[in-house]
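With mmCIF, N, CA and C atoms inside, this is protein19.cif:
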```
data_query
loop_
_atom_site.label_atom_id
_atom_site.label_comp_id
_atom_site.auth_asym_id
_atom_site.auth_seq_id
_atom_site.Cartn_x
_atom_site.Cartn_y
_atom_site.Cartn_z
N MET A 257 5.73 125.13 -39.24
CA MET A 257 5.88 123.75 -39.59
C MET A 257 5.80 123.56 -41.10
N PHE A 258 4.91 124.26 -41.78
CA PHE A 258 4.74 124.09 -43.21
C PHE A 258 5.41 125.24 -43.96
N SER A 259 5.96 124.95 -45.14
CA SER A 259 6.54 126.00 -45.96
C SER A 259 5.53 126.51 -46.98
N HIS A 260 4.69 125.59 -47.49
CA HIS A 260 3.70 125.99 -48.48
C HIS A 260 2.59 124.94 -48.58
N ILE A 261 1.50 125.38 -49.18
CA ILE A 261 0.39 124.49 -49.50
C ILE A 261 0.01 124.80 -50.93
N ALA A 262 -0.20 123.78 -51.73
CA ALA A 262 -0.65 123.94 -53.11
C ALA A 262 -2.01 123.26 -53.25
N VAL A 263 -2.94 123.95 -53.89
CA VAL A 263 -4.26 123.38 -54.15
C VAL A 263 -4.57 123.52 -55.63
N GLY A 264 -5.33 122.58 -56.13
CA GLY A 264 -5.74 122.62 -57.52
C GLY A 264 -6.90 123.57 -57.73
N ALA A 265 -6.94 124.14 -58.93
CA ALA A 265 -8.03 125.02 -59.32
C ALA A 265 -8.33 124.78 -60.79
N ASN A 266 -9.60 124.71 -61.14
CA ASN A 266 -9.99 124.54 -62.54
C ASN A 266 -10.18 125.88 -63.23
N ASP A 267 -10.65 126.87 -62.50
CA ASP A 267 -10.87 128.22 -63.03
C ASP A 267 -9.95 129.16 -62.26
N ILE A 268 -8.79 129.44 -62.82
CA ILE A 268 -7.78 130.23 -62.12
C ILE A 268 -8.29 131.63 -61.80
N GLU A 269 -8.99 132.27 -62.74
CA GLU A 269 -9.49 133.64 -62.48
C GLU A 269 -10.47 133.67 -61.32
N THR A 270 -11.41 132.74 -61.30
CA THR A 270 -12.39 132.69 -60.21
C THR A 270 -11.69 132.39 -58.88
N SER A 271 -10.76 131.43 -58.90
CA SER A 271 -10.05 131.09 -57.67
C SER A 271 -9.19 132.25 -57.19
N LYS A 272 -8.54 132.98 -58.10
CA LYS A 272 -7.72 134.12 -57.71
C LYS A 272 -8.59 135.19 -57.06
N ALA A 273 -9.74 135.50 -57.66
CA ALA A 273 -10.64 136.51 -57.07
C ALA A 273 -11.08 136.08 -55.67
N PHE A 274 -11.41 134.79 -55.51
CA PHE A 274 -11.83 134.26 -54.21
C PHE A 274 -10.71 134.40 -53.19
N TYR A 275 -9.51 133.92 -53.51
CA TYR A 275 -8.41 133.97 -52.54
C TYR A 275 -7.87 135.37 -52.33
N ASP A 276 -7.92 136.24 -53.34
CA ASP A 276 -7.53 137.64 -53.12
C ASP A 276 -8.41 138.25 -52.03
N ALA A 277 -9.72 138.02 -52.10
CA ALA A 277 -10.63 138.56 -51.09
C ALA A 277 -10.45 137.86 -49.75
N LEU A 278 -10.39 136.53 -49.78
CA LEU A 278 -10.28 135.74 -48.55
C LEU A 278 -9.00 136.10 -47.78
N LEU A 279 -7.87 136.07 -48.47
CA LEU A 279 -6.60 136.33 -47.81
C LEU A 279 -6.39 137.82 -47.57
N GLY A 280 -7.02 138.66 -48.38
CA GLY A 280 -6.98 140.10 -48.13
C GLY A 280 -7.60 140.45 -46.79
N ALA A 281 -8.62 139.68 -46.39
CA ALA A 281 -9.25 139.90 -45.08
C ALA A 281 -8.27 139.60 -43.94
N LEU A 282 -7.19 138.86 -44.23
CA LEU A 282 -6.16 138.55 -43.24
C LEU A 282 -4.94 139.46 -43.38
N GLY A 283 -5.01 140.42 -44.30
CA GLY A 283 -3.91 141.36 -44.50
C GLY A 283 -2.93 140.97 -45.59
N ALA A 284 -3.20 139.91 -46.34
CA ALA A 284 -2.30 139.48 -47.41
C ALA A 284 -2.54 140.32 -48.67
N LYS A 285 -1.48 140.46 -49.45
CA LYS A 285 -1.58 141.15 -50.74
C LYS A 285 -2.18 140.20 -51.77
N PRO A 286 -2.75 140.75 -52.85
CA PRO A 286 -3.29 139.87 -53.90
C PRO A 286 -2.21 138.93 -54.43
N GLY A 287 -2.64 137.78 -54.89
CA GLY A 287 -1.71 136.81 -55.44
C GLY A 287 -1.14 137.29 -56.77
N PHE A 288 0.02 136.75 -57.12
CA PHE A 288 0.60 137.06 -58.43
C PHE A 288 0.67 135.77 -59.24
N VAL A 289 0.61 135.92 -60.56
CA VAL A 289 0.67 134.78 -61.44
C VAL A 289 2.12 134.56 -61.85
N ASP A 290 2.62 133.36 -61.58
CA ASP A 290 4.01 133.06 -61.92
C ASP A 290 4.11 132.62 -63.38
N PRO A 291 5.32 132.42 -63.90
CA PRO A 291 5.48 132.04 -65.31
C PRO A 291 4.79 130.72 -65.71
N LYS A 292 4.49 129.87 -64.74
CA LYS A 292 3.80 128.61 -65.03
C LYS A 292 2.28 128.75 -64.96
N GLY A 293 1.77 129.98 -64.73
CA GLY A 293 0.33 130.20 -64.67
C GLY A 293 -0.30 129.92 -63.34
N ARG A 294 0.52 129.67 -62.32
CA ARG A 294 0.00 129.44 -60.97
C ARG A 294 -0.15 130.78 -60.26
N VAL A 295 -1.11 130.85 -59.34
CA VAL A 295 -1.28 132.03 -58.51
C VAL A 295 -0.57 131.77 -57.18
N VAL A 296 0.27 132.71 -56.79
CA VAL A 296 1.08 132.53 -55.59
C VAL A 296 0.78 133.64 -54.60
N TYR A 297 0.56 133.26 -53.35
CA TYR A 297 0.35 134.19 -52.24
C TYR A 297 1.49 134.00 -51.25
N ARG A 298 2.07 135.12 -50.79
CA ARG A 298 3.09 135.09 -49.74
C ARG A 298 2.56 135.94 -48.60
N HIS A 299 2.53 135.35 -47.40
CA HIS A 299 2.05 136.09 -46.24
C HIS A 299 2.57 135.43 -44.97
N ASN A 300 3.10 136.24 -44.09
CA ASN A 300 3.60 135.76 -42.79
C ASN A 300 4.52 134.54 -42.92
N GLY A 301 5.39 134.56 -43.90
CA GLY A 301 6.38 133.50 -44.05
C GLY A 301 5.89 132.22 -44.69
N ALA A 302 4.69 132.20 -45.22
CA ALA A 302 4.14 130.99 -45.83
C ALA A 302 3.69 131.28 -47.26
N LEU A 303 3.57 130.23 -48.04
CA LEU A 303 3.08 130.32 -49.42
C LEU A 303 1.82 129.49 -49.59
N LEU A 304 0.89 130.04 -50.37
CA LEU A 304 -0.26 129.28 -50.85
C LEU A 304 -0.20 129.39 -52.36
N ILE A 305 -0.28 128.25 -53.04
CA ILE A 305 -0.15 128.20 -54.49
C ILE A 305 -1.41 127.56 -55.07
N LEU A 306 -2.00 128.22 -56.08
CA LEU A 306 -3.17 127.70 -56.78
C LEU A 306 -2.78 127.41 -58.21
N GLY A 307 -3.20 126.28 -58.73
CA GLY A 307 -2.88 125.99 -60.13
C GLY A 307 -3.61 124.79 -60.66
N HIS A 308 -3.52 124.64 -61.98
CA HIS A 308 -4.07 123.44 -62.61
C HIS A 308 -3.20 122.25 -62.21
N PRO A 309 -3.80 121.11 -61.95
CA PRO A 309 -3.00 119.93 -61.62
C PRO A 309 -1.98 119.64 -62.72
N ARG A 310 -0.80 119.27 -62.32
CA ARG A 310 0.28 119.04 -63.27
C ARG A 310 0.05 117.82 -64.15
N ASN A 311 -0.83 116.91 -63.71
CA ASN A 311 -1.09 115.72 -64.52
C ASN A 311 -2.10 115.97 -65.64
N GLY A 312 -2.60 117.23 -65.74
CA GLY A 312 -3.53 117.58 -66.81
C GLY A 312 -4.98 117.22 -66.54
N GLU A 313 -5.26 116.56 -65.43
CA GLU A 313 -6.63 116.20 -65.09
C GLU A 313 -7.31 117.33 -64.33
N ALA A 314 -8.61 117.24 -64.16
CA ALA A 314 -9.36 118.27 -63.44
C ALA A 314 -8.96 118.30 -61.97
N ALA A 315 -8.98 119.49 -61.40
CA ALA A 315 -8.73 119.64 -59.97
C ALA A 315 -9.94 119.13 -59.20
N THR A 316 -9.68 118.40 -58.13
CA THR A 316 -10.72 117.95 -57.23
C THR A 316 -10.23 118.19 -55.80
N TYR A 317 -11.13 118.30 -54.88
CA TYR A 317 -10.74 118.50 -53.49
C TYR A 317 -10.41 117.16 -52.85
N ALA A 318 -9.62 117.24 -51.80
CA ALA A 318 -9.23 116.03 -51.07
C ALA A 318 -10.23 115.81 -49.95
N ASN A 319 -10.96 114.72 -50.02
CA ASN A 319 -11.95 114.40 -49.00
C ASN A 319 -11.24 114.15 -47.67
N GLY A 320 -11.64 114.87 -46.65
CA GLY A 320 -11.03 114.73 -45.34
C GLY A 320 -9.93 115.74 -45.06
N SER A 321 -9.56 116.53 -46.04
CA SER A 321 -8.50 117.53 -45.86
C SER A 321 -9.10 118.90 -45.55
N THR A 322 -8.38 119.68 -44.78
CA THR A 322 -8.76 121.05 -44.47
C THR A 322 -7.50 121.90 -44.46
N ILE A 323 -7.58 123.09 -45.04
CA ILE A 323 -6.50 124.06 -44.95
C ILE A 323 -6.93 125.10 -43.93
N GLY A 324 -6.14 125.28 -42.88
CA GLY A 324 -6.48 126.20 -41.81
C GLY A 324 -5.67 127.48 -41.90
N PHE A 325 -6.33 128.61 -41.68
CA PHE A 325 -5.70 129.92 -41.68
C PHE A 325 -5.79 130.51 -40.27
N SER A 326 -4.67 130.99 -39.75
CA SER A 326 -4.63 131.60 -38.42
C SER A 326 -5.14 133.04 -38.49
N CYS A 327 -5.94 133.40 -37.52
CA CYS A 327 -6.47 134.76 -37.43
C CYS A 327 -6.12 135.35 -36.07
N VAL A 328 -5.98 136.67 -36.03
CA VAL A 328 -5.55 137.33 -34.79
C VAL A 328 -6.68 137.56 -33.81
N ASN A 329 -7.93 137.51 -34.27
CA ASN A 329 -9.06 137.72 -33.37
C ASN A 329 -10.34 137.20 -34.03
N PRO A 330 -11.44 137.09 -33.30
CA PRO A 330 -12.68 136.61 -33.89
C PRO A 330 -13.19 137.51 -35.02
N GLU A 331 -12.93 138.80 -34.94
CA GLU A 331 -13.38 139.71 -35.98
C GLU A 331 -12.70 139.39 -37.32
N GLU A 332 -11.43 139.00 -37.26
CA GLU A 332 -10.73 138.64 -38.48
C GLU A 332 -11.29 137.34 -39.06
N VAL A 333 -11.66 136.39 -38.20
CA VAL A 333 -12.32 135.16 -38.66
C VAL A 333 -13.61 135.53 -39.40
N ASP A 334 -14.41 136.41 -38.80
CA ASP A 334 -15.67 136.82 -39.43
C ASP A 334 -15.44 137.53 -40.75
N ALA A 335 -14.43 138.40 -40.82
CA ALA A 335 -14.11 139.12 -42.06
C ALA A 335 -13.66 138.15 -43.15
N TRP A 336 -12.84 137.17 -42.76
CA TRP A 336 -12.38 136.12 -43.68
C TRP A 336 -13.58 135.38 -44.26
N HIS A 337 -14.48 134.96 -43.39
CA HIS A 337 -15.66 134.21 -43.80
C HIS A 337 -16.54 135.05 -44.74
N ALA A 338 -16.78 136.30 -44.37
CA ALA A 338 -17.61 137.18 -45.21
C ALA A 338 -16.97 137.42 -46.57
N ALA A 339 -15.65 137.60 -46.60
CA ALA A 339 -14.96 137.81 -47.87
C ALA A 339 -15.07 136.58 -48.76
N GLY A 340 -14.93 135.41 -48.17
CA GLY A 340 -15.04 134.17 -48.95
C GLY A 340 -16.43 133.95 -49.50
N VAL A 341 -17.45 134.14 -48.66
CA VAL A 341 -18.83 133.98 -49.11
C VAL A 341 -19.14 135.02 -50.19
N GLY A 342 -18.61 136.24 -50.03
CA GLY A 342 -18.83 137.30 -51.01
C GLY A 342 -18.21 137.01 -52.37
N GLN A 343 -17.25 136.09 -52.42
CA GLN A 343 -16.61 135.73 -53.68
C GLN A 343 -16.99 134.32 -54.14
N GLY A 344 -18.13 133.83 -53.68
CA GLY A 344 -18.63 132.56 -54.18
C GLY A 344 -18.28 131.35 -53.34
N GLY A 345 -17.62 131.55 -52.20
CA GLY A 345 -17.36 130.44 -51.30
C GLY A 345 -18.65 129.97 -50.66
N VAL A 346 -18.66 128.74 -50.21
CA VAL A 346 -19.86 128.18 -49.59
C VAL A 346 -19.57 127.93 -48.11
N SER A 347 -20.38 128.55 -47.26
CA SER A 347 -20.26 128.36 -45.82
C SER A 347 -20.69 126.94 -45.49
N ILE A 348 -19.88 126.25 -44.71
CA ILE A 348 -20.20 124.86 -44.35
C ILE A 348 -20.08 124.68 -42.84
N GLU A 349 -20.58 123.56 -42.37
CA GLU A 349 -20.60 123.21 -40.96
C GLU A 349 -21.38 124.27 -40.18
N ASP A 350 -21.02 124.53 -38.94
CA ASP A 350 -21.73 125.50 -38.14
C ASP A 350 -21.37 126.91 -38.57
N PRO A 351 -22.23 127.90 -38.27
CA PRO A 351 -21.88 129.29 -38.56
C PRO A 351 -20.60 129.68 -37.81
N PRO A 352 -19.90 130.72 -38.27
CA PRO A 352 -18.71 131.17 -37.54
C PRO A 352 -19.05 131.41 -36.07
N GLY A 353 -18.14 131.00 -35.21
CA GLY A 353 -18.40 131.22 -33.80
C GLY A 353 -17.47 130.42 -32.90
N PRO A 354 -17.69 130.56 -31.59
CA PRO A 354 -16.84 129.87 -30.62
C PRO A 354 -17.11 128.37 -30.61
N ARG A 355 -16.06 127.62 -30.36
CA ARG A 355 -16.15 126.17 -30.24
C ARG A 355 -15.31 125.74 -29.04
N GLN A 356 -15.61 124.59 -28.54
CA GLN A 356 -14.80 123.97 -27.49
C GLN A 356 -14.06 122.82 -28.15
N SER A 357 -12.77 122.71 -27.92
CA SER A 357 -11.98 121.63 -28.50
C SER A 357 -11.21 120.94 -27.39
N PRO A 358 -10.59 119.81 -27.70
CA PRO A 358 -9.75 119.14 -26.70
C PRO A 358 -8.57 120.02 -26.26
N PHE A 359 -8.26 121.04 -27.07
CA PHE A 359 -7.13 121.94 -26.76
C PHE A 359 -7.60 123.24 -26.11
N GLY A 360 -8.88 123.35 -25.82
CA GLY A 360 -9.42 124.56 -25.21
C GLY A 360 -10.33 125.32 -26.16
N PRO A 361 -10.73 126.52 -25.78
CA PRO A 361 -11.67 127.29 -26.61
C PRO A 361 -10.99 127.86 -27.86
N LEU A 362 -11.78 127.97 -28.91
CA LEU A 362 -11.32 128.61 -30.13
C LEU A 362 -12.52 129.20 -30.87
N TYR A 363 -12.24 130.00 -31.88
CA TYR A 363 -13.28 130.64 -32.68
C TYR A 363 -13.01 130.23 -34.13
N LEU A 364 -13.99 129.59 -34.79
CA LEU A 364 -13.80 129.00 -36.10
C LEU A 364 -14.84 129.43 -37.12
N ALA A 365 -14.45 129.34 -38.40
CA ALA A 365 -15.37 129.45 -39.52
C ALA A 365 -14.87 128.51 -40.61
N TYR A 366 -15.79 127.91 -41.34
CA TYR A 366 -15.45 126.97 -42.41
C TYR A 366 -16.09 127.40 -43.73
N LEU A 367 -15.35 127.17 -44.83
CA LEU A 367 -15.83 127.45 -46.19
C LEU A 367 -15.35 126.36 -47.13
N ARG A 368 -16.01 126.28 -48.28
CA ARG A 368 -15.49 125.55 -49.43
C ARG A 368 -15.15 126.60 -50.49
N ASP A 369 -13.97 126.48 -51.09
CA ASP A 369 -13.57 127.42 -52.13
C ASP A 369 -14.24 127.03 -53.45
N PRO A 370 -14.02 127.80 -54.55
CA PRO A 370 -14.68 127.48 -55.81
C PRO A 370 -14.37 126.09 -56.36
N ALA A 371 -13.24 125.50 -56.00
CA ALA A 371 -12.91 124.14 -56.45
C ALA A 371 -13.36 123.07 -55.47
N GLY A 372 -13.96 123.47 -54.34
CA GLY A 372 -14.46 122.51 -53.36
C GLY A 372 -13.52 122.23 -52.21
N ASN A 373 -12.34 122.88 -52.17
CA ASN A 373 -11.40 122.66 -51.07
C ASN A 373 -12.01 123.19 -49.77
N LYS A 374 -11.82 122.44 -48.70
CA LYS A 374 -12.34 122.84 -47.39
C LYS A 374 -11.32 123.73 -46.69
N LEU A 375 -11.79 124.88 -46.24
CA LEU A 375 -10.95 125.88 -45.59
C LEU A 375 -11.49 126.20 -44.21
N CYS A 376 -10.60 126.58 -43.31
CA CYS A 376 -10.99 126.95 -41.96
C CYS A 376 -10.20 128.18 -41.55
N ALA A 377 -10.86 129.10 -40.88
CA ALA A 377 -10.19 130.22 -40.23
C ALA A 377 -10.33 129.98 -38.73
N ALA A 378 -9.22 130.15 -38.00
CA ALA A 378 -9.23 129.85 -36.58
C ALA A 378 -8.52 130.92 -35.78
N HIS A 379 -9.16 131.31 -34.70
CA HIS A 379 -8.52 132.17 -33.70
C HIS A 379 -8.45 131.38 -32.41
N TRP A 380 -7.23 131.23 -31.92
CA TRP A 380 -7.00 130.55 -30.65
C TRP A 380 -6.69 131.62 -29.61
N PRO A 381 -7.54 131.80 -28.61
CA PRO A 381 -7.16 132.73 -27.54
C PRO A 381 -5.80 132.33 -26.97
N SER A 382 -5.08 133.27 -26.44
CA SER A 382 -3.70 133.03 -26.00
C SER A 382 -3.60 131.84 -25.03
N THR A 383 -4.64 131.58 -24.29
CA THR A 383 -4.59 130.45 -23.36
C THR A 383 -4.59 129.11 -24.07
N ALA A 384 -5.07 129.06 -25.34
CA ALA A 384 -5.15 127.79 -26.04
C ALA A 384 -3.98 127.56 -26.99
N GLN A 385 -3.08 128.54 -27.16
CA GLN A 385 -2.02 128.41 -28.14
C GLN A 385 -0.75 127.77 -27.59
N ALA A 386 -0.68 127.47 -26.36
CA ALA A 386 0.56 126.95 -25.77
C ALA A 386 1.00 125.64 -26.36
#
```

With the file now loaded, output its structure as structure tokens.
Amino acid sequence: MFSHIAVGANDIETSKAFYDALLGALGAKPGFVDPKGRVVYRHNGALLILGHPRNGEAATYANGSTIGFSCVNPEEVDAWHAAGVGQGGVSIEDPPGPRQSPFGPLYLAYLRDPAGNKLCAAHWPSTAQA
């Protein structure tokens, strides 16, 4: 459904280290810096772009927004979470683990990145992905 997601970052080096580890836990290659100074990640047909806001103001997180990352199993969710916490991410909400949703069971973990963006890793058992 989505082609890309762009998030603001105030400290590009810190954010790149965080997302290199976080997305590396999902099998993605480290991000590359494009000619405009943005960090770009390509993985499984999608793009994630990190950069300074184009209006020149400080990056802030969007209250109520979450960026979700698909994981192939609960172990990948846990690895994603550990990689993020290891690079300065802040674990939020409940600890990683199973949840019940209106769409059936799933396994989730939540973090805030160095700029405060809310992130989620989710594994949907095959019965819940229909």

Could you pull the residues within 6 Å of A:Leu367, counting all atoms listed in the file, minus those fewer than 5 positions along the same chain, as a VMD selection string? chain A and resid 345 to 348 373 to 376

Atom pair atom CA of A:Glu269 / atom CA of A:Tyr297: separation (Å):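 Answer for the atom CA of A:Glu269 to atom CA of A:Tyr297 separation: 14.2 Å.
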
Report the distance between atom CA of A:Val341 and atom CA of A:Gly301 in Å, rounded to one decimal place.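 If I compute the distance from atom CA of A:Val341 to atom CA of A:Gly301, I get 25.7 Å.
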
What would the selection look like, as a PyMOL selection string, if the PyMOL selection byres (((chain A and resi 304 and name CA) around 12) and name CA) were run on the coordinates I just shared? chain A and resi 258-264+272+275-276+279+284-289+294-303+305-307+323-325

Please report the interatomic distance between atom CA of A:Ser326 and atom CA of A:Lys292 in Å with one decimal. 28.1 Å

If we count only C-alpha atoms and set the cut-off at 8 Å, which residues sit around A:Gly353, ignoring sequence neighbours fewer than 4 positions away in its own chain? Please answer as a count of residues only. 4

Counting only N, CA and C atoms, the option among A:Trp380, A:Tyr317, A:Asn266, A:Leu278 closest to A:Ala335: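 Among the listed residues, A:Leu278 lies closest to A:Ala335.
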
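The closest residue to A:His337, picked from A:Gly293, A:Tyr366, A:Ala318, A:Ala265 and counting only C-alpha atoms, is A:Tyr366.
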
As a list in words, which residues of stretch 268-380 of chain A does DSSP assign to helix (DSSP H, G or I)? Ile268, Glu269, Thr270, Ser271, Lys272, Ala273, Phe274, Tyr275, Asp276, Ala277, Leu278, Leu279, Gly280, Pro330, Glu331, Glu332, Val333, Asp334, Ala335, Trp336, His337, Ala338, Ala339, Gly340, Val341 and Gly342 of chain A

Dump stretch 273-287 of chain A with N, CA and C atoms to a file, as a short mmCIF file (atom, residue, chain, number, x, y, z; two decimals), in the first residue's frame.
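selection.cif, freshly written:
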```cif
data_model
loop_
_atom_site.label_atom_id
_atom_site.label_comp_id
_atom_site.auth_asym_id
_atom_site.auth_seq_id
_atom_site.Cartn_x
_atom_site.Cartn_y
_atom_site.Cartn_z
N ALA A 273 22.66 5.33 12.90
CA ALA A 273 23.14 4.19 13.71
C ALA A 273 21.97 3.41 14.28
N PHE A 274 20.94 4.13 14.78
CA PHE A 274 19.75 3.49 15.34
C PHE A 274 19.04 2.66 14.28
N TYR A 275 18.73 3.25 13.13
CA TYR A 275 17.99 2.54 12.09
C TYR A 275 18.82 1.47 11.39
N ASP A 276 20.13 1.66 11.28
CA ASP A 276 20.98 0.59 10.73
C ASP A 276 20.84 -0.67 11.60
N ALA A 277 20.88 -0.50 12.92
CA ALA A 277 20.75 -1.65 13.82
C ALA A 277 19.32 -2.19 13.81
N LEU A 278 18.35 -1.30 13.91
CA LEU A 278 16.94 -1.70 13.97
C LEU A 278 16.53 -2.46 12.71
N LEU A 279 16.81 -1.89 11.56
CA LEU A 279 16.40 -2.52 10.30
C LEU A 279 17.32 -3.67 9.93
N GLY A 280 18.56 -3.64 10.40
CA GLY A 280 19.46 -4.77 10.20
C GLY A 280 18.93 -6.03 10.86
N ALA A 281 18.23 -5.86 11.98
CA ALA A 281 17.61 -7.01 12.66
C ALA A 281 16.52 -7.63 11.80
N LEU A 282 16.01 -6.89 10.80
CA LEU A 282 14.99 -7.40 9.89
C LEU A 282 15.60 -7.85 8.56
N GLY A 283 16.92 -7.79 8.45
CA GLY A 283 17.60 -8.23 7.24
C GLY A 283 17.90 -7.12 6.24
N ALA A 284 17.64 -5.87 6.60
CA ALA A 284 17.91 -4.75 5.69
C ALA A 284 19.39 -4.36 5.74
N LYS A 285 19.86 -3.83 4.63
CA LYS A 285 21.24 -3.31 4.56
C LYS A 285 21.28 -1.94 5.21
N PRO A 286 22.47 -1.50 5.64
CA PRO A 286 22.59 -0.16 6.21
C PRO A 286 22.09 0.90 5.23
N GLY A 287 21.59 1.98 5.76
CA GLY A 287 21.11 3.07 4.92
C GLY A 287 22.26 3.77 4.22
#
```
